[in-house]
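Everything below concerns the one structure shown next.
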Amino acid sequence: MNDTDTMLDIKNLTIHYEAEGGTVHAVEGLNLTLGRGESLGFVGETGAGKTTTALGIMRLIPNPPGKIKSGEIIFNGENLLSKSESEMRKIRGAKIAMIFQDPMTSLNPVITVDKQIAEMISLHKNVSKSEALKLAGDMLELVGIRRERMHDYPHQFSGGMKQRVVIAIALACDPELLIADEPTTALDVTIQAQVLELMKELKQKFSASMILITHDLGIVADICDKVAIMYAGRVVEYADKRSLYTNPVHPYTRGLFRSVPDIEEDVDELPVIPGLMPDPVNLPSGCAFHPRCSMAVDECRNSRPKMIEAEEGHFAACPVCVKKFMNGEALS
Amino acid sequence: MSGAYIRVENLKKYFATKRGMLHAVDDVSFEIKKGETLGLVGESGCGKSTLGRCLIRLLDSTSGKVLLKNNDDDGYFDITKASAHEMKVLRKRVQIVFQDPYSCLNPRLSVWELIAEPLIVNNIYGNKNEMRKHIRSLMDTVGLAERLENSYPHELDGGRRQRIGIARSLALNPEFIVLDEPVSALDVCIQAQILNLLNSLQKEFKYTYVFISHNLSVVRHVSDRIAVMYLGQIVELAEYKDLFKTPLHPYTQALLSAIPLAKLDVKRERIILEGDVPSPIEPPNACRFAGRCRYAEDICRNTPPALREILPGHFAACHHAKENINQ
């Protein structure tokens, strides 16, 4: 991939939170690239550092207690970490927009939805107030809400409709990158299906790149091109969706796939990954996954694994499994 | 069917609101067999938790019966009519595990005290040593290490907290346990651990479960039979395999098609339902799904369909269920 195609390039990003009990290593030396027009699924369990990474890209890490310790976030060739706060404000919303998980709390309950959308438009575009309100109405229609309802308050909408409003706000300024943090987790399955369908449609229409944060491998299969699996503050596997779903390499990824009950096959007992996510204050040495891994060897305990290419464009941070995979051996 | 362990007959639970009667559970009848797991699925607000609570009388029903089979004869005992004293005795037989392991445990009690609480309240042991033995064995059963007995809930992760909730419900040797979204607040890896635990406990102690969840793949994994609820009513009830293979109710079909699958190249028709679930306040006397149904006809808007046996053991409440068999 040449440089013009790369929209976002995160290099060695480390974000810590200073807590009473010690330093929380939320994101630890994370590397990630995103091409223009691509959508990346960012998968991991609670506490893996997915949301922190997203907030890092937006430079919204609460400081204190959080702090971006090191690394670079190159967006369109410029390092976001060296931008001033006022430069950042011009990027947020206009170039990079975010959809938060909970539509019930990300909307202002005492302002009508048209004004909330218009606020975003007025901030970034040179338009009159009435023009902004008209555009807000257009955005609402675009996400499938009738224009008559533009003067309603958030509580007059259902959960799925509220999330549509949030999407309308995020897309109002035609951003190049959309970060969606668990956009459908708070919604019921049939409503989730509606919202995902809408997001797919709009992504096409706006030709925006997207980072979709989720813990649901099913949603990723539905709408993403690339997948990054995150564990304990690091990306442990990164690949094209097809490559990752056909040949998951990292033991954590394989464990994750197996622990989801299948809707077609009967199993008596679900295969589980033993143990728990490590304490981010006190990460294990070497590979953070080694205490839970059945394939761990001495090397895993001592040195931190680098991302190795297992097949074209498919990287995994596990030398043991990558070697096995490349030799054509079965990964248990 | 005779020999059912629990028989629910025309159960209704209405809540009075400012805008009218909210029909949370509206005329529901079904049976639960001894030792089976009945899955109860539906989206938020469909009344599945209310139904679960009415089953063990954490809520008083508006009308209808919940008949629990007596242990010593073939008769049934109506839980909805039990006196306070009778209910206290019954509580040893019927238990519940709640959804949120963060809010259902008293933060000021240690793990030990939390598990001891039901034993103390019911005066099970006069002898402290016996109680100690029992609590140790309960902790062992649910997979809590002995060293955790003096920990407080906030020191533990969600999975361990849920194990405490399970230990509390097992403390009195119940027969019947309502599991109200027991894994919804947990990550998939921990979820798998808890599902395995519930499964092995059922095998060992022959519990009867009602498993409430909005997650269809989880429900499929644990259930023998599954009931699908929509707006306070059961719209379909069948063996889990039949329900997934030949869903007869259009709502079930849409629900199944909406599950995001962690697989590529699965060909299936995605049925996207329009609109939202209508309000459960004063619902119309018709098929409640008609407004969102792609097969709806005049009869659906005028006559409420009854839950009928369409195929052996496979019930659906849809005027068009028979035609749906081959679709």
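Chain identifiers are assigned as A, B, and so on, following the order in which chains appear in the structure tokens; residues are numbered from 1 within each chain, and ligands are numbered from 1 in order of appearance.
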Discussion item. I'd like to know which residues of segment 29-155 of chain B are strand (DSSP E or B) (by DSSP, run on the backbone); could you write them as a list of chain:residue names?
Written reply: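 Here are the strand (DSSP E or B) residues of segment 29-155 of chain B: B:Ser29, B:Phe30, B:Glu31, B:Ile32, B:Thr37, B:Leu38, B:Gly39, B:Leu40, B:Val41, B:Ser63, B:Gly64, B:Lys65, B:Val66, B:Leu67, B:Leu68, B:Lys69, B:Tyr76, B:Phe77, B:Asp78, B:Val94, B:Gln95, B:Ile96, B:Val97.
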Would you output that residue set with C-alpha atoms, as a PDB file, in the first residue's frame?
ATOM      1  CA  SER B  29     -50.189 -20.248  28.989  1.00  0.00           C
ATOM      2  CA  PHE B  30     -47.482 -22.892  28.726  1.00  0.00           C
ATOM      3  CA  GLU B  31     -45.928 -25.811  30.544  1.00  0.00           C
ATOM      4  CA  ILE B  32     -42.451 -26.573  31.768  1.00  0.00           C
ATOM      5  CA  THR B  37     -34.504 -25.730  30.145  1.00  0.00           C
ATOM      6  CA  LEU B  38     -37.122 -23.476  28.664  1.00  0.00           C
ATOM      7  CA  GLY B  39     -35.594 -20.527  26.862  1.00  0.00           C
ATOM      8  CA  LEU B  40     -37.547 -17.286  26.899  1.00  0.00           C
ATOM      9  CA  VAL B  41     -36.469 -14.855  24.195  1.00  0.00           C
ATOM     10  CA  SER B  63     -54.736 -12.913  37.105  1.00  0.00           C
ATOM     11  CA  GLY B  64     -54.090 -16.476  36.034  1.00  0.00           C
ATOM     12  CA  LYS B  65     -52.333 -19.381  37.658  1.00  0.00           C
ATOM     13  CA  VAL B  66     -48.804 -20.673  38.093  1.00  0.00           C
ATOM     14  CA  LEU B  67     -49.166 -24.296  39.147  1.00  0.00           C
ATOM     15  CA  LEU B  68     -46.141 -26.026  40.645  1.00  0.00           C
ATOM     16  CA  LYS B  69     -46.234 -29.790  40.999  1.00  0.00           C
ATOM     17  CA  TYR B  76     -50.432 -28.918  41.902  1.00  0.00           C
ATOM     18  CA  PHE B  77     -50.001 -25.910  44.078  1.00  0.00           C
ATOM     19  CA  ASP B  78     -50.921 -22.448  42.784  1.00  0.00           C
ATOM     20  CA  VAL B  94     -37.811 -21.844  43.422  1.00  0.00           C
ATOM     21  CA  GLN B  95     -34.921 -19.440  42.935  1.00  0.00           C
ATOM     22  CA  ILE B  96     -33.669 -16.755  40.578  1.00  0.00           C
ATOM     23  CA  VAL B  97     -30.325 -15.538  39.234  1.00  0.00           C
TER      24      VAL B  97
END
Worksheet entry | Leu58 of chain B surroundings by only C-alpha atoms, 12 Å radius, close-in-sequence under 6 positions cut, as a count of residues only | 17
Please report, as a Markdown table, each residue of chain B lying at most 7 Å from chain A, together with the nearest pair of atoms and the separation in Å rounded to one decimal; use only C-alpha atoms, and order rows by chain and ascending residue number.
| residue | atom | partner | partner_atom | distance |
| --- | --- | --- | --- | --- |
| B:Glu43 | CA | A:Asp188 | CA | 5.8 |
| B:Ser44 | CA | A:Asp188 | CA | 6.8 |
| B:Asp187 | CA | A:Glu45 | CA | 6.0 |
| B:Val188 | CA | A:Ser259 | CA | 6.5 |
| B:Cys189 | CA | A:Ser259 | CA | 5.9 |
| B:Ala192 | CA | A:Ser259 | CA | 5.7 |
| B:Gln193 | CA | A:Val272 | CA | 6.2 |
| B:Asn196 | CA | A:Glu269 | CA | 5.8 |
| B:Ser217 | CA | A:Ile263 | CA | 5.2 |
| B:Val218 | CA | A:Pro261 | CA | 6.0 |
| B:Arg220 | CA | A:Ile263 | CA | 6.7 |
| B:His221 | CA | A:Pro261 | CA | 6.2 |
| B:Leu255 | CA | A:Thr190 | CA | 6.1 |
| B:Ala258 | CA | A:Ala193 | CA | 5.6 |
| B:Ile259 | CA | A:Val189 | CA | 6.6 |
| B:Pro260 | CA | A:Gly218 | CA | 4.3 |
| B:Leu261 | CA | A:Gly218 | CA | 4.2 |
| B:Ala262 | CA | A:Gly218 | CA | 3.8 |
| B:Lys263 | CA | A:Ala221 | CA | 6.3 |
| B:Leu264 | CA | A:Ala221 | CA | 6.3 |
| B:Ile272 | CA | A:Gln194 | CA | 6.1 |
| B:Leu273 | CA | A:Thr190 | CA | 6.6 |
With C-alpha atoms retained, export the selected residues as a compact mmCIF listing (two decimals), in the first residue's frame.
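Contents of result.txt, freshly written:
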# COMPACT_ATOMS: atom_id res chain seq x y z
CA GLU B 43 -36.55 -7.91 22.80
CA SER B 44 -36.53 -5.26 25.54
CA ASP B 187 -17.80 -10.79 27.83
CA VAL B 188 -17.97 -13.77 25.48
CA CYS B 189 -15.12 -15.69 27.12
CA ALA B 192 -18.87 -19.33 27.86
CA GLN B 193 -17.50 -20.23 31.29
CA ASN B 196 -20.77 -24.33 30.92
CA SER B 217 -27.44 -18.10 19.95
CA VAL B 218 -27.00 -18.33 23.71
CA ARG B 220 -30.22 -22.04 21.46
CA HIS B 221 -27.14 -23.40 23.17
CA LEU B 255 -35.49 -12.25 14.74
CA ALA B 258 -31.19 -10.49 12.30
CA ILE B 259 -28.58 -12.43 14.30
CA PRO B 260 -25.15 -11.31 13.10
CA LEU B 261 -23.22 -14.48 12.34
CA ALA B 262 -19.49 -14.69 12.88
CA LYS B 263 -19.13 -16.50 9.56
CA LEU B 264 -18.59 -15.51 5.98
CA ILE B 272 -35.39 -6.03 8.19
CA LEU B 273 -38.42 -5.13 10.28
Worksheet item: If you measure from atom CA of Ala330 of chain A to atom CA of Ala310 of chain A, what distance in Å do you get, rounded to one decimal?
Response: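 Between these atoms lies a distance of 13.8 Å.
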Fill in: Length of the atom CA of Ile166 of chain B to atom CA of Cys104 of chain B vector [Å]
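Separating atom CA of Ile166 of chain B from atom CA of Cys104 of chain B is a distance of 11.4 Å.
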Worksheet entry | Non-local contacts of Gln116 of chain A (10 Å; only C-alpha atoms; under 5 positions in same chain excluded) as number ranges by chain | A: 107-108, 111, 121, 133, 136, 153-154, 165-166, 168-169
Discussion item. Under the rule that only C-alpha atoms are counted, which of B:Arg163, B:His23, B:Arg57, B:Arg108 is the nearest residue to Leu138 of chain B?
Written reply: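 Distance minimum relative to Leu138 of chain B lands on B:Arg163.
For the pair atom CA of Pro64 of chain A and atom CA of Gly29 of chain A, the separation is 20.1 Å.
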Practice prompt. Would you list, as a PyMOL selection string, the residues of segment 124-302 of chain A that end up in helix (DSSP H, G or I) under DSSP run on this structure's backbone?
Written response: chain A and resi 124+129-142+147-151+154-156+159-171+189-206+217-223+241-246+251-258+290-292+298-302
Practice prompt. Find the residues near Met120 of chain A: any atom within 9 Å, counting only C-alpha atoms, skip ones fewer than 2 places away on the same chain, and give them as JSON, numbers by chain.
Written response: {"A": [93, 94, 115, 116, 117, 118, 122, 123, 124, 125, 132, 169, 170, 172, 173]}
May I have the selected residues written with N, CA and C atoms, as a PDB file, in the first residue's frame?
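Once everything was written out, this is result_12.pdb:
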ATOM      1  N   GLY A  93     -15.164  16.124  14.232  1.00  0.00           N
ATOM      2  CA  GLY A  93     -16.491  16.426  13.675  1.00  0.00           C
ATOM      3  C   GLY A  93     -16.418  16.667  12.188  1.00  0.00           C
ATOM      4  N   ALA A  94     -15.432  17.466  11.742  1.00  0.00           N
ATOM      5  CA  ALA A  94     -15.353  17.778  10.313  1.00  0.00           C
ATOM      6  C   ALA A  94     -14.624  16.690   9.545  1.00  0.00           C
ATOM      7  N   LYS A 115     -31.623  21.081  16.255  1.00  0.00           N
ATOM      8  CA  LYS A 115     -30.607  22.028  16.728  1.00  0.00           C
ATOM      9  C   LYS A 115     -29.295  21.324  17.041  1.00  0.00           C
ATOM     10  N   GLN A 116     -29.397  20.071  17.519  1.00  0.00           N
ATOM     11  CA  GLN A 116     -28.167  19.354  17.839  1.00  0.00           C
ATOM     12  C   GLN A 116     -27.389  19.011  16.568  1.00  0.00           C
ATOM     13  N   ILE A 117     -28.114  18.718  15.511  1.00  0.00           N
ATOM     14  CA  ILE A 117     -27.430  18.443  14.243  1.00  0.00           C
ATOM     15  C   ILE A 117     -26.891  19.753  13.659  1.00  0.00           C
ATOM     16  N   ALA A 118     -27.722  20.814  13.744  1.00  0.00           N
ATOM     17  CA  ALA A 118     -27.324  22.103  13.178  1.00  0.00           C
ATOM     18  C   ALA A 118     -26.091  22.664  13.883  1.00  0.00           C
ATOM     19  N   SER A 122     -23.042  24.269  11.909  1.00  0.00           N
ATOM     20  CA  SER A 122     -22.613  25.663  12.075  1.00  0.00           C
ATOM     21  C   SER A 122     -21.157  25.753  12.511  1.00  0.00           C
ATOM     22  N   LEU A 123     -20.714  24.771  13.305  1.00  0.00           N
ATOM     23  CA  LEU A 123     -19.338  24.805  13.798  1.00  0.00           C
ATOM     24  C   LEU A 123     -18.321  24.665  12.675  1.00  0.00           C
ATOM     25  N   HIS A 124     -18.660  23.883  11.684  1.00  0.00           N
ATOM     26  CA  HIS A 124     -17.647  23.555  10.677  1.00  0.00           C
ATOM     27  C   HIS A 124     -17.913  24.124   9.297  1.00  0.00           C
ATOM     28  N   LYS A 125     -19.131  24.567   9.056  1.00  0.00           N
ATOM     29  CA  LYS A 125     -19.421  25.082   7.722  1.00  0.00           C
ATOM     30  C   LYS A 125     -19.863  26.524   7.832  1.00  0.00           C
ATOM     31  N   ALA A 132     -28.400  25.968   8.197  1.00  0.00           N
ATOM     32  CA  ALA A 132     -27.926  24.833   8.994  1.00  0.00           C
ATOM     33  C   ALA A 132     -29.104  23.975   9.440  1.00  0.00           C
ATOM     34  N   ILE A 169     -25.759  13.308  13.175  1.00  0.00           N
ATOM     35  CA  ILE A 169     -24.826  14.329  13.662  1.00  0.00           C
ATOM     36  C   ILE A 169     -23.420  14.011  13.174  1.00  0.00           C
ATOM     37  N   ALA A 170     -23.026  12.733  13.312  1.00  0.00           N
ATOM     38  CA  ALA A 170     -21.667  12.347  12.956  1.00  0.00           C
ATOM     39  C   ALA A 170     -21.397  12.572  11.467  1.00  0.00           C
ATOM     40  N   ALA A 172     -22.971  14.742   9.482  1.00  0.00           N
ATOM     41  CA  ALA A 172     -23.449  16.039   8.995  1.00  0.00           C
ATOM     42  C   ALA A 172     -22.382  16.805   8.235  1.00  0.00           C
ATOM     43  N   CYS A 173     -21.110  16.678   8.624  1.00  0.00           N
ATOM     44  CA  CYS A 173     -20.070  17.454   7.955  1.00  0.00           C
ATOM     45  C   CYS A 173     -19.254  16.610   7.000  1.00  0.00           C
TER      46      CYS A 173
END
